[in-house]
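Written out below as structure tokens is the structure these notes cover.
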Amino acid sequence: MHDLEGKTVLLTGASRGIGAATARALGEAGASVIAHYGSHRGGAEGAVAAIPQSDRLLLQADLLQRGAARKLWREAVAWHGRVDVLVVNAATMPTTAFDGSDEEWDEGWALAAQVNLLEPASLIREAVRHFLEQEGGIVIALSSWAAQRGSAISHLGGYAASKAALASLTQTVARNYAAAGILAYVVAPGIVRTRLSEASAAARGGIEAVNAALALGEMVPPEEVAELIVFLASGRCRHLTGATIDVNGASNIR
């Protein structure tokens, strides 16, 4: 149903969780996958292992470094001469505790802003300019339900705010460039069964306590988010552009 044969997709944060599941799903759909990673190369290699070597490329970029996204984009485009879909997934979840130290607060906010917003914003900008030249393309940004309702964990305010800003930027792209053939979607997962979520569950009484509070009684499998991303990457539903798609198992219904 979601044939991506002939499409080149740049995916950030392909080493773990949603990113790794998405890399696998994109490959299964026939896409040529550019899998970005920060430091965990082994995870990215495993995620694309089933994709033919001619259809996969690993690129490293430290999104903590200013300008890293622009360099990443140039390297991605150089591979096949074009990118058709950008999936902005890489993110960090630093502590920005209201009762923490000033240093922890400042460092956490700077980290959230740089990795979750500023470098992704530069990457989206590069994609928009590229898509204008090739008369179309797709941006898919991973936000969070925390961006809509605030985080249930007080020390993750910086994360929630950065994800809200990323969603707003993506909507701006959708609104302004739809007529140019550029589609932009926001995917807002709830609690996805990833390493980060399992670690943060400790602050909410453990995994069993978190699952008990969810409507389906379980965290979202990353593979389900990946399948949605593949569908959006296909461009099969153009009039969904600008939408925020919730993936939380009815635990947060708007």
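Identifiers in this document derive from the order of the structure tokens: chains are assigned A, B, ..., residues are numbered from 1 separately in each chain, and ligands are numbered from 1 in order of occurrence.
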
Checklist line | Shell of 12 Å around region 110-114 of chain A, only C-alpha atoms, local chain residues under 4 positions omitted, as a PyMOL selection string | finding: chain A and resi 62-69+90-96+103-106+118-122+156-166

Determine, for each residue of region 192-249 of chain A having at least one atom at most 9 Å from an atom of region 3-25 of chain A, the closest pair of atoms and their separation in Å to one decimal, counting only C-alpha atoms; order by chain and ascending number, as JSON lines.
```
{"residue": "A:Val192", "atom": "CA", "partner": "A:Ile18", "partner_atom": "CA", "distance": 8.0}
{"residue": "A:Arg193", "atom": "CA", "partner": "A:Gly17", "partner_atom": "CA", "distance": 7.5}
{"residue": "A:Thr194", "atom": "CA", "partner": "A:Gly17", "partner_atom": "CA", "distance": 5.0}
{"residue": "A:Arg195", "atom": "CA", "partner": "A:Gly17", "partner_atom": "CA", "distance": 6.9}
{"residue": "A:Leu196", "atom": "CA", "partner": "A:Gly17", "partner_atom": "CA", "distance": 8.5}
{"residue": "A:Pro221", "atom": "CA", "partner": "A:Ile18", "partner_atom": "CA", "distance": 8.6}
{"residue": "A:Pro222", "atom": "CA", "partner": "A:Ile18", "partner_atom": "CA", "distance": 4.9}
{"residue": "A:Glu223", "atom": "CA", "partner": "A:Ala21", "partner_atom": "CA", "distance": 5.5}
{"residue": "A:Glu224", "atom": "CA", "partner": "A:Ala21", "partner_atom": "CA", "distance": 8.8}
{"residue": "A:Val225", "atom": "CA", "partner": "A:Ile18", "partner_atom": "CA", "distance": 6.8}
{"residue": "A:Ala226", "atom": "CA", "partner": "A:Thr22", "partner_atom": "CA", "distance": 4.4}
{"residue": "A:Glu227", "atom": "CA", "partner": "A:Ala25", "partner_atom": "CA", "distance": 6.6}
{"residue": "A:Ile229", "atom": "CA", "partner": "A:Thr22", "partner_atom": "CA", "distance": 7.2}
{"residue": "A:Val230", "atom": "CA", "partner": "A:Ala25", "partner_atom": "CA", "distance": 6.8}
{"residue": "A:Phe231", "atom": "CA", "partner": "A:Asp3", "partner_atom": "CA", "distance": 8.8}
{"residue": "A:Ala233", "atom": "CA", "partner": "A:Leu4", "partner_atom": "CA", "distance": 7.6}
{"residue": "A:Ser234", "atom": "CA", "partner": "A:Leu4", "partner_atom": "CA", "distance": 6.1}
```

Export, as a PDB file, in the first residue's frame, the selected residues with N, CA and C atoms.
```
ATOM      1  N   VAL A 192       5.649   6.267  23.949  1.00  0.00           N
ATOM      2  CA  VAL A 192       6.082   5.196  23.059  1.00  0.00           C
ATOM      3  C   VAL A 192       7.066   4.298  23.810  1.00  0.00           C
ATOM      4  N   ARG A 193       6.989   3.015  23.529  1.00  0.00           N
ATOM      5  CA  ARG A 193       7.840   2.050  24.229  1.00  0.00           C
ATOM      6  C   ARG A 193       9.278   2.148  23.704  1.00  0.00           C
ATOM      7  N   THR A 194      10.012   3.105  24.254  1.00  0.00           N
ATOM      8  CA  THR A 194      11.407   3.312  23.879  1.00  0.00           C
ATOM      9  C   THR A 194      12.266   3.329  25.129  1.00  0.00           C
ATOM     10  N   ARG A 195      13.557   3.349  24.912  1.00  0.00           N
ATOM     11  CA  ARG A 195      14.499   3.393  26.033  1.00  0.00           C
ATOM     12  C   ARG A 195      14.273   4.627  26.894  1.00  0.00           C
ATOM     13  N   LEU A 196      14.059   5.784  26.245  1.00  0.00           N
ATOM     14  CA  LEU A 196      13.842   7.019  26.990  1.00  0.00           C
ATOM     15  C   LEU A 196      12.568   6.958  27.821  1.00  0.00           C
ATOM     16  N   PRO A 221       3.600   0.945  20.588  1.00  0.00           N
ATOM     17  CA  PRO A 221       4.735   0.275  19.947  1.00  0.00           C
ATOM     18  C   PRO A 221       5.369   1.203  18.907  1.00  0.00           C
ATOM     19  N   PRO A 222       6.683   1.337  18.886  1.00  0.00           N
ATOM     20  CA  PRO A 222       7.315   2.233  17.915  1.00  0.00           C
ATOM     21  C   PRO A 222       7.010   1.847  16.471  1.00  0.00           C
ATOM     22  N   GLU A 223       6.741   0.571  16.240  1.00  0.00           N
ATOM     23  CA  GLU A 223       6.437   0.115  14.881  1.00  0.00           C
ATOM     24  C   GLU A 223       5.152   0.738  14.344  1.00  0.00           C
ATOM     25  N   GLU A 224       4.196   1.048  15.223  1.00  0.00           N
ATOM     26  CA  GLU A 224       2.959   1.667  14.763  1.00  0.00           C
ATOM     27  C   GLU A 224       3.195   3.109  14.337  1.00  0.00           C
ATOM     28  N   VAL A 225       4.052   3.802  15.042  1.00  0.00           N
ATOM     29  CA  VAL A 225       4.411   5.164  14.641  1.00  0.00           C
ATOM     30  C   VAL A 225       5.156   5.108  13.305  1.00  0.00           C
ATOM     31  N   ALA A 226       6.026   4.134  13.155  1.00  0.00           N
ATOM     32  CA  ALA A 226       6.788   3.984  11.918  1.00  0.00           C
ATOM     33  C   ALA A 226       5.870   3.757  10.724  1.00  0.00           C
ATOM     34  N   GLU A 227       4.841   2.933  10.894  1.00  0.00           N
ATOM     35  CA  GLU A 227       3.917   2.667   9.792  1.00  0.00           C
ATOM     36  C   GLU A 227       3.177   3.933   9.387  1.00  0.00           C
ATOM     37  N   ILE A 229       4.368   6.981   9.646  1.00  0.00           N
ATOM     38  CA  ILE A 229       5.345   7.811   8.948  1.00  0.00           C
ATOM     39  C   ILE A 229       5.511   7.342   7.499  1.00  0.00           C
ATOM     40  N   VAL A 230       5.529   6.037   7.289  1.00  0.00           N
ATOM     41  CA  VAL A 230       5.629   5.499   5.928  1.00  0.00           C
ATOM     42  C   VAL A 230       4.430   5.933   5.093  1.00  0.00           C
ATOM     43  N   PHE A 231       3.253   5.865   5.674  1.00  0.00           N
ATOM     44  CA  PHE A 231       2.060   6.309   4.948  1.00  0.00           C
ATOM     45  C   PHE A 231       2.158   7.780   4.568  1.00  0.00           C
ATOM     46  N   ALA A 233       4.831   9.536   4.212  1.00  0.00           N
ATOM     47  CA  ALA A 233       5.915   9.696   3.252  1.00  0.00           C
ATOM     48  C   ALA A 233       5.481   9.339   1.834  1.00  0.00           C
ATOM     49  N   SER A 234       4.439   8.544   1.726  1.00  0.00           N
ATOM     50  CA  SER A 234       3.948   8.150   0.402  1.00  0.00           C
ATOM     51  C   SER A 234       3.251   9.299  -0.315  1.00  0.00           C
TER      52      SER A 234
END
```

Check: Looking at only C-alpha atoms, which of A:Arg125, A:Arg254, A:Arg204, A:Lys71 is the one that sits closest to Thr170 (chain A)?
Finding: A:Arg125

Note to self: Quick check for you: according to DSSP on this backbone, which residues of region 70-237 of chain A are classed as strand (DSSP E)? Reply as a ChimeraX atom specification.
What the structure shows: /A:85-88,137-142,182-189

Next item on the list: From a DSSP calculation on the backbone, collect every residue of region 54-146 of chain A in helix (DSSP H, G or I) and output the set as an NGL selection string.
Entry: :A and (54-55 or 68-80 or 102-133 or 146)

Note to self: Report, in Å to a single decimal, how far apart CA of Ser32 (chain A) and CA of Tyr177 (chain A) are.
What the structure shows: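 About the pair CA of Tyr177 (chain A) and CA of Ser32 (chain A): they are 24.7 Å apart.
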
Item checked: Gap from CA of Val247 (chain A) to CA of Ala147 (chain A) - Å, one decimal -> 13.1 Å

Item checked: Which residue of A:Ala35, A:Ala49, A:Leu214, A:Leu132 approaches Asn176 (chain A) most closely, using only C-alpha atoms -> A:Leu132

Notebook entry, point to check: CA of Ser143 (chain A) and CA of Gly27 (chain A), how far apart in Å?
Noted result: 22.6 Å

Next item on the list: Name the closest residue to Gly38 (chain A) among the candidates A:Gln134, A:Ala50, A:Ala213, A:Leu59; distances are taken between atoms, counting only C-alpha atoms.
Entry: A:Leu59

Please provide as a tab-separated table (two decimals) with C-alpha atoms, in the first residue's frame all residues within 12 Å of Ala178 (chain A), with the sequence filter that same-chain residues fewer than 2 positions apart are discarded (counting only C-alpha atoms).
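Written output follows (result-v8.tsv):
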```tsv
chain	number	residue	atom	x	y	z
A	128	VAL	CA	11.92	23.61	1.90
A	131	PHE	CA	11.69	21.05	-2.43
A	132	LEU	CA	10.89	24.38	-4.08
A	135	GLU	CA	8.60	21.20	-7.25
A	136	GLY	CA	7.55	19.26	-4.20
A	137	GLY	CA	8.55	17.20	-1.20
A	138	ILE	CA	7.41	16.07	2.22
A	139	VAL	CA	8.37	17.11	5.76
A	170	THR	CA	6.04	22.49	10.56
A	171	GLN	CA	2.52	23.88	10.41
A	172	THR	CA	3.94	27.15	9.09
A	173	VAL	CA	5.61	25.22	6.28
A	174	ALA	CA	2.37	23.44	5.47
A	175	ARG	CA	0.35	26.66	5.38
A	176	ASN	CA	2.78	28.64	3.25
A	180	ALA	CA	4.20	24.65	-4.24
A	181	GLY	CA	3.69	20.93	-3.67
A	182	ILE	CA	5.35	20.80	-0.26
A	183	LEU	CA	3.42	18.71	2.25
A	184	ALA	CA	4.17	18.92	5.97
A	185	TYR	CA	2.82	16.77	8.77
A	238	ARG	CA	-2.20	15.45	0.28
A	239	HIS	CA	-5.10	17.14	2.03
A	240	LEU	CA	-3.85	15.90	5.37
A	241	THR	CA	-0.98	18.40	5.09
A	242	GLY	CA	-0.75	20.67	8.12
```

Next item on the list: Please provide as a list in words all residues within 7 Å of Thr244 (chain A), with the sequence filter that same-chain residues fewer than 3 positions apart are discarded (counting only C-alpha atoms).
Entry: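 The neighbour list is Tyr185, Val186, Val187 and Ala188 of chain A.
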
Expected file: the selected residues, C-alpha atoms, as a PDB file, in the first residue's frame:
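Wrote it out as selection01.pdb, contents follow:
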```pdb
ATOM      1  CA  TYR A 185       2.824  16.769   8.774  1.00  0.00           C
ATOM      2  CA  VAL A 186       3.228  16.638  12.542  1.00  0.00           C
ATOM      3  CA  VAL A 187       3.166  13.269  14.296  1.00  0.00           C
ATOM      4  CA  ALA A 188       2.455  13.576  18.029  1.00  0.00           C
TER       5      ALA A 188
END
```

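Candidate residues A:Leu228, A:Ile207, A:Ala61, A:Ile34 were compared for distance to Ala78 (chain A), and the nearest is A:Ile34, using only C-alpha atoms.
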
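For Ala250 (chain A), the list of residues within 12 Å, based on only C-alpha atoms and with local chain neighbours fewer than 5 positions off taken out, reads Trp145, Pro189, Gly190, Ile191, Ala213, Leu214, Ala215, Leu216, Gly217, Glu218, Met219 and Val220 of chain A.
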
Selection file, C-alpha atoms, as a short mmCIF file (atom, residue, chain, number, x, y, z; two decimals), in the first residue's frame:
```cif
data_model
loop_
_atom_site.label_atom_id
_atom_site.label_comp_id
_atom_site.auth_asym_id
_atom_site.auth_seq_id
_atom_site.Cartn_x
_atom_site.Cartn_y
_atom_site.Cartn_z
CA TRP A 145 1.50 14.95 23.16
CA PRO A 189 3.04 10.29 19.85
CA GLY A 190 2.02 9.67 23.42
CA ILE A 191 4.22 7.41 25.51
CA ALA A 213 -2.89 4.93 33.37
CA LEU A 214 -3.11 4.41 29.60
CA ALA A 215 -6.40 3.64 27.87
CA LEU A 216 -5.02 0.60 26.05
CA GLY A 217 -2.97 -0.44 29.06
CA GLU A 218 0.30 -0.29 27.15
CA MET A 219 2.79 2.11 25.64
CA VAL A 220 2.61 2.77 21.92
#
```

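Closest approach to Leu72 (chain A) among A:Ala167, A:Ala97, A:Asp102, A:Leu57 is made by A:Leu57 (distances from only C-alpha atoms).
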